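K.L.:
Quick one: the structure is below, questions incoming.
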Amino acid sequence: MVAAEAAWSRALLQLCLLGILEGEGASYGYALLNRLSEAGLDTIKPATLYPALTRLAEEGAVEVRWAAGQSGPGRKYYSITDEGRDRLLELRRSWREFTTTVTELTGGPQV
């Protein structure tokens with residue numbers, strides 16, 4: 001089952017990242033990786049996270065800014081944009097529809 005969970009995590013990574021940034025505010029990559037891991041998505045690796053953040057930035061869903069580190073090099077901070085909030089709403093709607101369909105097809109309880 002671990003392979004399936006890893007694939008689902010990668011597929012839903014942008015939704016999760018936008019949700020974290022909306023709910024918790026601007027953050028940097030390592031902190032986002034830790035937050036995902038704390039939530040149980042510990043199959044996400046830096047090689048998956050950073051390209052997803054780059055795509056979100058290129059698409060205008062997140063804004064990137066550099067800030068000085070506390071005791072080391074600067075960090076890239078990511079924050080959600082208005083376009084990212086719109087995208088998050090759409091992704092949430094799509095996720096609800098998808099999970100409803102899968103639940104119906106698998107005979108599981110409606111949540």
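Residues in the structure tokens are numbered from 1 in each chain, the chains being A, B, ... in the order shown, and ligands are numbered from 1 in the order shown.
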Can you pull out the residues contacting stretch 18-33 of chain A? Cut-off 6 Å, using only C-alpha atoms, and skip same-chain residues under 4 positions away; I want them as a list in words.

P.N.:
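In the requested format, the answer is Lys76, Tyr77, Tyr78, Ser79 and Ile80 of chain A.
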
K.L.:
Let me see the file: selected residues, N, CA and C atoms, as a CSV table (one decimal), in the first residue's frame.

P.N.:
chain,number,residue,atom,x,y,z
A,76,LYS,N,14.3,30.7,0.6
A,76,LYS,CA,13.2,31.1,-0.3
A,76,LYS,C,11.9,30.9,0.5
A,77,TYR,N,11.1,31.9,0.6
A,77,TYR,CA,9.8,31.8,1.3
A,77,TYR,C,8.7,31.8,0.2
A,78,TYR,N,7.8,30.9,0.4
A,78,TYR,CA,6.7,30.8,-0.5
A,78,TYR,C,5.4,31.3,0.1
A,79,SER,N,4.6,32.1,-0.6
A,79,SER,CA,3.3,32.5,-0.1
A,79,SER,C,2.3,32.4,-1.2
A,80,ILE,N,1.0,32.1,-0.8
A,80,ILE,CA,0.0,32.0,-1.8
A,80,ILE,C,-0.5,33.3,-2.3

K.L.:
Write out as a ChimeraX atom specification which residues come within 10 Å of stretch 6-10 of chain A when counting only C-alpha atoms, dropping same-chain ones fewer than 5 positions away.

P.N.:
/A:1,15-16,36,40-45,48-49,52

K.L.:
Can I get the selection written as an mmCIF file, in the first residue's frame, with all heavy atoms?

P.N.:
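What ended up in selection06.cif:
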data_model
loop_
_atom_site.group_PDB
_atom_site.id
_atom_site.type_symbol
_atom_site.label_atom_id
_atom_site.label_comp_id
_atom_site.auth_asym_id
_atom_site.auth_seq_id
_atom_site.Cartn_x
_atom_site.Cartn_y
_atom_site.Cartn_z
ATOM 1 N N MET A 1 0.811 -1.207 0.000
ATOM 2 C CA MET A 1 0.000 0.000 0.000
ATOM 3 C C MET A 1 0.851 1.267 0.000
ATOM 4 O O MET A 1 0.394 2.310 -0.397
ATOM 5 C CB MET A 1 -0.943 -0.046 1.204
ATOM 6 C CG MET A 1 -1.934 1.073 1.245
ATOM 7 S SD MET A 1 -3.006 1.033 -0.208
ATOM 8 C CE MET A 1 -4.203 2.217 0.254
ATOM 9 N N LEU A 15 -2.261 20.643 -4.179
ATOM 10 C CA LEU A 15 -3.423 20.946 -3.340
ATOM 11 C C LEU A 15 -2.989 21.112 -1.884
ATOM 12 O O LEU A 15 -3.368 22.078 -1.219
ATOM 13 C CB LEU A 15 -4.469 19.826 -3.466
ATOM 14 C CG LEU A 15 -5.631 19.830 -2.483
ATOM 15 C CD1 LEU A 15 -6.478 21.080 -2.617
ATOM 16 C CD2 LEU A 15 -6.492 18.589 -2.685
ATOM 17 N N CYS A 16 -2.188 20.194 -1.389
ATOM 18 C CA CYS A 16 -1.739 20.255 -0.005
ATOM 19 C C CYS A 16 -0.860 21.479 0.252
ATOM 20 O O CYS A 16 -1.016 22.157 1.275
ATOM 21 C CB CYS A 16 -0.989 18.977 0.362
ATOM 22 S SG CYS A 16 -2.040 17.505 0.376
ATOM 23 N N LEU A 36 4.338 18.541 5.899
ATOM 24 C CA LEU A 36 3.738 17.425 5.173
ATOM 25 C C LEU A 36 4.007 16.112 5.896
ATOM 26 O O LEU A 36 3.114 15.277 6.040
ATOM 27 C CB LEU A 36 4.276 17.366 3.741
ATOM 28 C CG LEU A 36 3.837 18.492 2.810
ATOM 29 C CD1 LEU A 36 4.717 18.521 1.568
ATOM 30 C CD2 LEU A 36 2.368 18.353 2.441
ATOM 31 N N GLY A 40 1.525 13.140 7.934
ATOM 32 C CA GLY A 40 1.472 11.762 7.474
ATOM 33 C C GLY A 40 1.903 11.565 6.027
ATOM 34 O O GLY A 40 1.885 10.452 5.523
ATOM 35 N N LEU A 41 2.279 12.650 5.361
ATOM 36 C CA LEU A 41 2.738 12.541 3.971
ATOM 37 C C LEU A 41 4.263 12.513 3.947
ATOM 38 O O LEU A 41 4.921 13.326 3.305
ATOM 39 C CB LEU A 41 2.202 13.716 3.140
ATOM 40 C CG LEU A 41 0.680 13.829 3.080
ATOM 41 C CD1 LEU A 41 0.265 15.032 2.252
ATOM 42 C CD2 LEU A 41 0.056 12.564 2.519
ATOM 43 N N ASP A 42 4.820 11.532 4.641
ATOM 44 C CA ASP A 42 6.273 11.456 4.767
ATOM 45 C C ASP A 42 6.953 10.802 3.574
ATOM 46 O O ASP A 42 8.164 10.628 3.564
ATOM 47 C CB ASP A 42 6.663 10.762 6.061
ATOM 48 C CG ASP A 42 6.019 9.401 6.239
ATOM 49 O OD1 ASP A 42 5.173 9.028 5.406
ATOM 50 O OD2 ASP A 42 6.368 8.716 7.217
ATOM 51 N N THR A 43 6.189 10.464 2.541
ATOM 52 C CA THR A 43 6.787 9.913 1.327
ATOM 53 C C THR A 43 7.242 11.026 0.374
ATOM 54 O O THR A 43 7.921 10.742 -0.609
ATOM 55 C CB THR A 43 5.803 8.990 0.587
ATOM 56 O OG1 THR A 43 4.627 9.733 0.266
ATOM 57 C CG2 THR A 43 5.439 7.786 1.435
ATOM 58 N N ILE A 44 6.873 12.271 0.663
ATOM 59 C CA ILE A 44 7.288 13.399 -0.180
ATOM 60 C C ILE A 44 8.744 13.711 0.107
ATOM 61 O O ILE A 44 9.132 13.942 1.248
ATOM 62 C CB ILE A 44 6.414 14.648 0.073
ATOM 63 C CG1 ILE A 44 4.946 14.347 -0.197
ATOM 64 C CG2 ILE A 44 6.901 15.832 -0.757
ATOM 65 C CD1 ILE A 44 4.625 14.013 -1.630
ATOM 66 N N LYS A 45 9.541 13.732 -0.926
ATOM 67 C CA LYS A 45 10.970 14.006 -0.812
ATOM 68 C C LYS A 45 11.283 15.376 -1.414
ATOM 69 O O LYS A 45 10.502 15.898 -2.222
ATOM 70 C CB LYS A 45 11.780 12.923 -1.545
ATOM 71 C CG LYS A 45 11.478 11.509 -1.068
ATOM 72 C CD LYS A 45 11.850 11.321 0.371
ATOM 73 C CE LYS A 45 11.534 9.907 0.840
ATOM 74 N NZ LYS A 45 11.188 9.834 2.220
ATOM 75 N N THR A 48 10.805 15.949 -5.056
ATOM 76 C CA THR A 48 9.419 16.085 -5.502
ATOM 77 C C THR A 48 8.854 17.439 -5.091
ATOM 78 O O THR A 48 8.139 18.084 -5.848
ATOM 79 C CB THR A 48 8.550 14.957 -4.903
ATOM 80 O OG1 THR A 48 9.130 13.696 -5.254
ATOM 81 C CG2 THR A 48 7.120 15.018 -5.404
ATOM 82 N N LEU A 49 9.192 17.879 -3.883
ATOM 83 C CA LEU A 49 8.660 19.124 -3.338
ATOM 84 C C LEU A 49 9.092 20.348 -4.133
ATOM 85 O O LEU A 49 8.254 21.159 -4.545
ATOM 86 C CB LEU A 49 9.093 19.286 -1.881
ATOM 87 C CG LEU A 49 8.684 20.615 -1.249
ATOM 88 C CD1 LEU A 49 7.211 20.613 -0.925
ATOM 89 C CD2 LEU A 49 9.523 20.896 -0.017
ATOM 90 N N ALA A 52 7.553 20.970 -7.528
ATOM 91 C CA ALA A 52 6.145 21.352 -7.384
ATOM 92 C C ALA A 52 6.027 22.823 -7.003
ATOM 93 O O ALA A 52 5.186 23.549 -7.540
ATOM 94 C CB ALA A 52 5.459 20.471 -6.343
#

K.L.:
Find the distance between atom CA of A:Trp95 and atom CA of A:Thr54 and write it in Å to one decimal.

P.N.:
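Going from atom CA of A:Trp95 over to atom CA of A:Thr54, I get 22.1 Å.
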
K.L.:
Would you list the contacts of A:Gly60 as an NGL selection string, taking every protein, DNA or RNA residue within 8 Å and counting only C-alpha atoms, but skipping same-chain residues closer than 5 positions in sequence?

P.N.:
:A and (81 or 83-84)

K.L.:
Would you save the residues from that selection as a compact mmCIF listing (two decimals), in the first residue's frame, using all heavy atoms?

P.N.:
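Final output, selection.txt:
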# COMPACT_ATOMS: atom_id res chain seq x y z
N THR A 81 -0.80 33.35 -3.57
CA THR A 81 -1.29 34.57 -4.22
C THR A 81 -2.81 34.47 -4.37
O THR A 81 -3.41 33.43 -4.09
CB THR A 81 -0.66 34.71 -5.62
OG1 THR A 81 -1.09 33.60 -6.42
CG2 THR A 81 0.86 34.77 -5.57
N GLU A 83 -4.31 34.34 -7.15
CA GLU A 83 -4.50 33.30 -8.17
C GLU A 83 -4.38 31.91 -7.54
O GLU A 83 -5.11 30.98 -7.89
CB GLU A 83 -3.46 33.47 -9.28
CG GLU A 83 -3.68 32.58 -10.47
CD GLU A 83 -2.75 32.90 -11.61
OE1 GLU A 83 -2.36 34.08 -11.78
OE2 GLU A 83 -2.41 31.96 -12.35
N GLY A 84 -3.48 31.77 -6.59
CA GLY A 84 -3.33 30.50 -5.88
C GLY A 84 -4.55 30.16 -5.05
O GLY A 84 -4.95 29.00 -4.97

K.L.:
Can you tell me, as a ChimeraX atom specification, what residues are no more than 9 Å from A:Leu91 when counting only C-alpha atoms, ignoring any on the same chain fewer than 5 positions away?

P.N.:
/A:14-15,86,96

K.L.:
Quick one: pick out all strand (DSSP E or B) residues within chain A from a backbone DSSP run and write them as a PyMOL selection string.

P.N.:
chain A and resi 27-28+62-67+75-80

K.L.:
Hey, can you check how far atom CA of A:Ala3 sits from atom CA of A:Gly107?

P.N.:
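For atom CA of A:Ala3 relative to atom CA of A:Gly107, the distance reads 22.4 Å.
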
K.L.:
If you measure from atom CA of A:Arg85 to atom CA of A:Ala61, what distance in Å do you get, rounded to one decimal?

P.N.:
7.4 Å
